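Visitor: Before anything else, here's the structure in question.
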Amino acid sequence: MINPFFKSKVNNGRSFSSQEVLAMIEQLANEVAGKNGFLHISKDTNAFFREHFASIISAMPDMELHTLFYSATKNNKLIETFYSLLYDISETFERRILAPSFRVERAAYYKRLITDKNAKPSDFDRIIIHLIDLGQIGFINAHIQSIAEQTSTPIRTMNLLRNNGIDISKYIPIINERKLDIICELSSQIPDIDVSESRDSLETITMLVDEVLKPQKLQFSDLQFISKGGYSCAFIAGDKVIKFGLPQAKYSIPRNSKRFIQPLVRHHFDIISQGKPSKLSFEITELCDTQTEVSKEELYQIYKDVRDQGMVWGDCHYVNVGRLKKDNIVHHPSIKGVKKAHHTNVGIEEANDVEVLPAGELVILDLDFIFDESDPKLAQAGLTSIEKEFEERYRREKVRKAIDIEKTPEIEPETPNQNISGDERE
């Protein structure tokens, strides 16, 4: 339960004294509920305090604010909690502080987090942003090696430094030695998945990514984020796309099709996520053009080609197709001459020959929800409005074609004249 006295003061916009706010900060620092000075503070009150910290600060008189700042920053037990509260409102708070020592004190604190390897800050990027705001570019350049060694998000930190005009020439070689950490960072973009306890699977994925980058003379620092959805995230690796995701709702594919992108890798890795067995979906495919317009008729043609093979594309959307930049085969120096994905490696149940579509043709990029037309799970999955429209059109065309074939008269073949000579036949 939120302390009613505290809640009333916040809701009515009444000012808190520095002593009252310090008591709340101390309570947060201790992370326990109990009797603390002037009022009884519950865990609910702690959460309420964090949520309304900005408005509490705004309502405080300048002198109380000065007292709060100096009292909190001189107390080793409170300083980290105090600065964590300031992360999102530091600019507002700074404008209220008249003494220039605030900037000096704050910069000194952030510098210590960079130089003290025992500090282990959870968000290096937030610290760097504050140091940039405080004009500490020289300090960042001088400690770029330490930043590269300690950040838990090497790629994100690299982009932050680059976008703020900071020289990263000494940063890049260090993070390129942290391949496994980079893969951990990229895969952690997936909602509801924690891969930190799955080192074996991540090491395998790291080797696979390395095998894709090396022939292109690229490094892990060249990986570029392109998209993030509710179930997956994707990165460009030169002429390839690397995708991490939650386990596909339907991994298996009945058979191959010329309209399927031919994956280099498509696999579910066993992982431990949040202490429980889980799976991580991982794919490597060719980079396709997803920016050019796709007409409805083109989308239907893709649907029809898949249906002609006795399958139903259960995720028929414009966003799930792309235009080939190369012929639709598996491209990698180690597997020259291979025209199609090896069915057992990518979840295709039945080996079959497929036509190789040339560059410029459209293919399905997301191979989830490919059903055999007789699969009972197809009814459970249901069809979207456009899939229903396409399915009805496909069946009408199939019936019309059957009728046309039935109506076509059979032509009796001519009987050769057995009496004419060989010369006459010529």
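Labeling convention for the structure tokens: chains A, B, ... as they appear, residues from 1 per chain, ligands from 1 in order of appearance.
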Just the residues within 10 Å of segment 170-182 of chain A, please, counting only C-alpha atoms, with nothing from its chain fewer than 5 positions along; format it as a PyMOL selection string.
Guide: chain A and resi 141+143-158+161+187-188+196+199+202-207+209-210+219-223
Visitor: Could you save those same residues with C-alpha atoms as a short mmCIF file (atom, residue, chain, number, x, y, z; two decimals), in the first residue's frame?
Guide:
data_model
loop_
_atom_site.label_atom_id
_atom_site.label_comp_id
_atom_site.auth_asym_id
_atom_site.auth_seq_id
_atom_site.Cartn_x
_atom_site.Cartn_y
_atom_site.Cartn_z
CA ASN A 141 38.59 9.48 -26.55
CA HIS A 143 39.33 5.94 -22.43
CA ILE A 144 37.98 4.41 -25.65
CA GLN A 145 39.82 1.13 -24.95
CA SER A 146 38.22 0.76 -21.53
CA ILE A 147 34.79 1.49 -23.02
CA ALA A 148 35.32 -1.14 -25.75
CA GLU A 149 36.39 -3.75 -23.22
CA GLN A 150 33.60 -3.17 -20.71
CA THR A 151 30.42 -2.29 -22.63
CA SER A 152 27.87 -5.11 -22.70
CA THR A 153 26.47 -3.81 -26.00
CA PRO A 154 29.52 -3.41 -28.30
CA ILE A 155 27.58 -2.70 -31.52
CA ARG A 156 25.10 -0.26 -29.97
CA THR A 157 27.89 1.60 -28.18
CA MET A 158 29.91 1.74 -31.41
CA LEU A 161 30.11 6.89 -30.50
CA SER A 187 20.21 -12.14 -30.01
CA SER A 188 19.17 -10.30 -26.85
CA SER A 196 23.07 -15.44 -21.41
CA ARG A 199 27.06 -20.32 -24.29
CA LEU A 202 25.91 -19.03 -29.05
CA GLU A 203 29.42 -20.25 -29.82
CA THR A 204 28.03 -22.34 -32.70
CA ILE A 205 26.08 -19.35 -34.02
CA THR A 206 29.21 -17.18 -33.69
CA MET A 207 31.16 -19.62 -35.87
CA VAL A 209 28.29 -15.86 -38.64
CA ASP A 210 32.08 -15.78 -38.89
CA GLN A 219 34.10 -8.24 -39.45
CA PHE A 220 31.52 -8.46 -36.68
CA SER A 221 31.57 -4.66 -36.35
CA ASP A 222 30.14 -4.51 -39.91
CA LEU A 223 26.85 -6.13 -38.86
#
Visitor: Lys77 of chain A: which residues within 9 Å, counting only C-alpha atoms, same-chain residues fewer than 5 positions away excluded, as a list in words?
Guide: Glu26, Ala29, Asn30 and Ala72 of chain A
Visitor: Quick one: DSSP strand (DSSP E or B) residues in segment 85-332 of chain A, as a VMD selection string?
Guide: chain A and resid 224 to 228 232 to 237 240 to 245 253 to 255 260 265 to 273 276 to 286 289 311 to 313 321 to 323
Visitor: With C-alpha atoms kept, could you save the residues just selected as an mmCIF file, in the first residue's frame?
Guide:
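Result saved to again.cif:
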data_model
loop_
_atom_site.group_PDB
_atom_site.id
_atom_site.type_symbol
_atom_site.label_atom_id
_atom_site.label_comp_id
_atom_site.auth_asym_id
_atom_site.auth_seq_id
_atom_site.Cartn_x
_atom_site.Cartn_y
_atom_site.Cartn_z
ATOM 1 C CA GLN A 224 23.989 -3.661 -39.382
ATOM 2 C CA PHE A 225 20.623 -3.739 -37.652
ATOM 3 C CA ILE A 226 17.730 -3.567 -40.123
ATOM 4 C CA SER A 227 14.521 -4.557 -38.358
ATOM 5 C CA LYS A 228 12.889 -5.753 -35.182
ATOM 6 C CA SER A 232 12.496 -11.637 -34.306
ATOM 7 C CA CYS A 233 15.209 -9.176 -35.248
ATOM 8 C CA ALA A 234 17.350 -9.031 -38.403
ATOM 9 C CA PHE A 235 20.818 -7.800 -39.333
ATOM 10 C CA ILE A 236 22.668 -7.310 -42.607
ATOM 11 C CA ALA A 237 25.994 -9.123 -43.004
ATOM 12 C CA LYS A 240 23.414 -11.919 -46.316
ATOM 13 C CA VAL A 241 20.647 -11.411 -43.765
ATOM 14 C CA ILE A 242 21.015 -12.881 -40.273
ATOM 15 C CA LYS A 243 17.818 -13.329 -38.281
ATOM 16 C CA PHE A 244 17.321 -14.279 -34.637
ATOM 17 C CA GLY A 245 13.867 -15.065 -33.337
ATOM 18 C CA ILE A 253 8.047 -27.140 -44.568
ATOM 19 C CA PRO A 254 6.346 -29.938 -46.581
ATOM 20 C CA ARG A 255 8.598 -29.550 -49.656
ATOM 21 C CA PHE A 260 11.068 -20.001 -51.232
ATOM 22 C CA VAL A 265 21.080 -21.825 -42.409
ATOM 23 C CA ARG A 266 17.641 -22.279 -40.839
ATOM 24 C CA HIS A 267 17.756 -23.955 -37.458
ATOM 25 C CA HIS A 268 16.275 -24.059 -33.952
ATOM 26 C CA PHE A 269 18.988 -24.021 -31.279
ATOM 27 C CA ASP A 270 18.347 -25.387 -27.801
ATOM 28 C CA ILE A 271 18.887 -22.706 -25.159
ATOM 29 C CA ILE A 272 18.177 -21.986 -21.520
ATOM 30 C CA SER A 273 16.073 -18.842 -21.172
ATOM 31 C CA LYS A 276 13.916 -22.914 -18.485
ATOM 32 C CA PRO A 277 14.630 -24.964 -21.653
ATOM 33 C CA SER A 278 13.667 -23.031 -24.760
ATOM 34 C CA LYS A 279 14.658 -22.628 -28.413
ATOM 35 C CA LEU A 280 16.239 -19.847 -30.459
ATOM 36 C CA SER A 281 15.419 -19.588 -34.149
ATOM 37 C CA PHE A 282 18.414 -18.660 -36.314
ATOM 38 C CA GLU A 283 18.540 -18.055 -40.084
ATOM 39 C CA ILE A 284 21.037 -16.921 -42.698
ATOM 40 C CA THR A 285 19.632 -16.058 -46.130
ATOM 41 C CA GLU A 286 20.535 -13.934 -49.133
ATOM 42 C CA ASP A 289 15.341 -6.038 -52.228
ATOM 43 C CA MET A 311 0.956 -26.341 -50.228
ATOM 44 C CA VAL A 312 -0.715 -23.302 -48.651
ATOM 45 C CA TRP A 313 1.213 -20.150 -47.763
ATOM 46 C CA VAL A 321 8.421 -11.159 -49.852
ATOM 47 C CA GLY A 322 11.506 -9.729 -51.487
ATOM 48 C CA ARG A 323 12.997 -9.372 -54.946
#
Visitor: Using only C-alpha atoms, which residues sit within 9 Å of Tyr318 of chain A once same-chain residues fewer than 2 positions away are excluded, as a PyMOL selection string?
Guide: chain A and resi 293-296+299+316+320-322
Visitor: Residues within 12 Å of segment 128-133 of chain A, please, as a PDB file with C-alpha atoms, in the first residue's frame. Count only C-alpha atoms; anything in the same chain fewer than 2 positions from it doesn't count.
Guide:
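Once everything was written out, this is result_20.pdb:
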ATOM      1  CA  TYR A  83      22.148   9.386  -9.986  1.00  0.00           C
ATOM      2  CA  SER A  84      20.068   6.503 -11.278  1.00  0.00           C
ATOM      3  CA  LEU A  86      18.474  11.493 -12.367  1.00  0.00           C
ATOM      4  CA  TYR A  87      19.078   9.578 -15.595  1.00  0.00           C
ATOM      5  CA  ASP A  88      15.867  10.646 -17.310  1.00  0.00           C
ATOM      6  CA  ILE A  89      15.465  14.103 -15.780  1.00  0.00           C
ATOM      7  CA  SER A  90      19.073  15.285 -15.541  1.00  0.00           C
ATOM      8  CA  GLU A  91      18.560  18.242 -17.902  1.00  0.00           C
ATOM      9  CA  GLU A  94      20.642  20.716 -14.032  1.00  0.00           C
ATOM     10  CA  ARG A 103      28.292  19.552 -13.655  1.00  0.00           C
ATOM     11  CA  VAL A 104      31.734  18.871 -12.220  1.00  0.00           C
ATOM     12  CA  GLU A 105      30.408  16.470  -9.603  1.00  0.00           C
ATOM     13  CA  ARG A 106      28.204  14.643 -12.081  1.00  0.00           C
ATOM     14  CA  ALA A 107      31.005  14.345 -14.653  1.00  0.00           C
ATOM     15  CA  ALA A 108      33.341  12.986 -11.968  1.00  0.00           C
ATOM     16  CA  TYR A 109      30.782  10.336 -11.053  1.00  0.00           C
ATOM     17  CA  TYR A 110      30.304   9.152 -14.649  1.00  0.00           C
ATOM     18  CA  LYS A 111      34.062   9.149 -15.223  1.00  0.00           C
ATOM     19  CA  ARG A 112      34.518   6.903 -12.211  1.00  0.00           C
ATOM     20  CA  LEU A 113      32.043   4.405 -13.680  1.00  0.00           C
ATOM     21  CA  ILE A 114      34.166   4.249 -16.827  1.00  0.00           C
ATOM     22  CA  PRO A 121      27.550  -0.119 -14.771  1.00  0.00           C
ATOM     23  CA  ASP A 123      24.149   0.827 -19.157  1.00  0.00           C
ATOM     24  CA  PHE A 124      27.389   2.151 -20.625  1.00  0.00           C
ATOM     25  CA  ASP A 125      25.549   3.998 -23.378  1.00  0.00           C
ATOM     26  CA  ARG A 126      23.591   6.120 -20.910  1.00  0.00           C
ATOM     27  CA  GLY A 135      31.398  18.140 -22.865  1.00  0.00           C
ATOM     28  CA  GLN A 136      33.682  15.243 -21.922  1.00  0.00           C
ATOM     29  CA  ILE A 137      34.621  14.183 -25.480  1.00  0.00           C
ATOM     30  CA  GLY A 138      38.327  14.283 -24.651  1.00  0.00           C
ATOM     31  CA  PHE A 139      37.797  11.938 -21.708  1.00  0.00           C
ATOM     32  CA  ILE A 140      35.836   9.490 -23.898  1.00  0.00           C
ATOM     33  CA  ASN A 141      38.591   9.479 -26.553  1.00  0.00           C
ATOM     34  CA  HIS A 143      39.334   5.939 -22.435  1.00  0.00           C
ATOM     35  CA  ILE A 144      37.976   4.406 -25.646  1.00  0.00           C
ATOM     36  CA  ILE A 147      34.791   1.488 -23.019  1.00  0.00           C
ATOM     37  CA  ALA A 148      35.316  -1.135 -25.753  1.00  0.00           C
ATOM     38  CA  THR A 151      30.423  -2.291 -22.633  1.00  0.00           C
ATOM     39  CA  ARG A 156      25.100  -0.259 -29.970  1.00  0.00           C
ATOM     40  CA  THR A 157      27.894   1.604 -28.177  1.00  0.00           C
ATOM     41  CA  MET A 158      29.911   1.737 -31.410  1.00  0.00           C
ATOM     42  CA  ASN A 159      26.983   3.343 -33.258  1.00  0.00           C
ATOM     43  CA  LEU A 160      26.458   5.826 -30.426  1.00  0.00           C
ATOM     44  CA  LEU A 161      30.114   6.888 -30.498  1.00  0.00           C
ATOM     45  CA  ARG A 162      30.179   7.143 -34.304  1.00  0.00           C
ATOM     46  CA  ASN A 163      26.939   9.141 -34.475  1.00  0.00           C
ATOM     47  CA  ASN A 164      28.393  11.673 -32.040  1.00  0.00           C
ATOM     48  CA  GLY A 165      31.540  12.205 -34.096  1.00  0.00           C
ATOM     49  CA  ILE A 166      33.872  10.251 -31.803  1.00  0.00           C
TER      50      ILE A 166
END
Visitor: Measure the distance from atom CA of Pro263 of chain A to atom CA of Val346 of chain A in Å and round it to one decimal.
Guide: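 About the pair atom CA of Pro263 of chain A and atom CA of Val346 of chain A: they are 7.0 Å apart.
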Visitor: If we count only C-alpha atoms, what is near Ile261 of chain A at a cut-off of 7 Å, once residues fewer than 3 positions away on the same chain are taken out, given as a list in words?
Guide: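 In the requested form, the answer reads Asn328, Val363, Ile364 and Leu365 of chain A.
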Visitor: Can you spit out the residues from that selection as a PDB file, in the first residue's frame, using C-alpha atoms?
Guide:
ATOM      1  CA  ASN A 328      17.757 -18.189 -55.994  1.00  0.00           C
ATOM      2  CA  VAL A 363      10.403 -15.006 -53.328  1.00  0.00           C
ATOM      3  CA  ILE A 364       8.977 -15.653 -49.861  1.00  0.00           C
ATOM      4  CA  LEU A 365      11.466 -14.538 -47.199  1.00  0.00           C
TER       5      LEU A 365
END
Visitor: Using only C-alpha atoms, which residues sit within 8 Å of segment 358-360 of chain A once same-chain residues fewer than 2 positions away are excluded, as a ChimeraX atom specification?
Guide: /A:323-328,356,362
Visitor: DSSP on the backbone, helix (DSSP H, G or I) only: what residues of segment 54-177 of chain A does that give? Format it as a PyMOL selection string.
Guide: chain A and resi 54-59+62-73+79-86+90-96+101-115+124-133+137-142+144-150+154-163+171-175
Visitor: In Å, with one decimal, what is the gap from atom CA of Leu367 of chain A to atom CA of Ser334 of chain A?
Guide: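 Separating atom CA of Leu367 of chain A from atom CA of Ser334 of chain A is a distance of 24.1 Å.
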Visitor: Taking into account only C-alpha atoms, which residue in the set A:Phe369, A:Phe16, A:Phe48, A:Tyr231 is nearest to Gln189 of chain A?
Guide: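 Nearest candidate to Gln189 of chain A out of A:Phe369, A:Phe16, A:Phe48, A:Tyr231: A:Tyr231.
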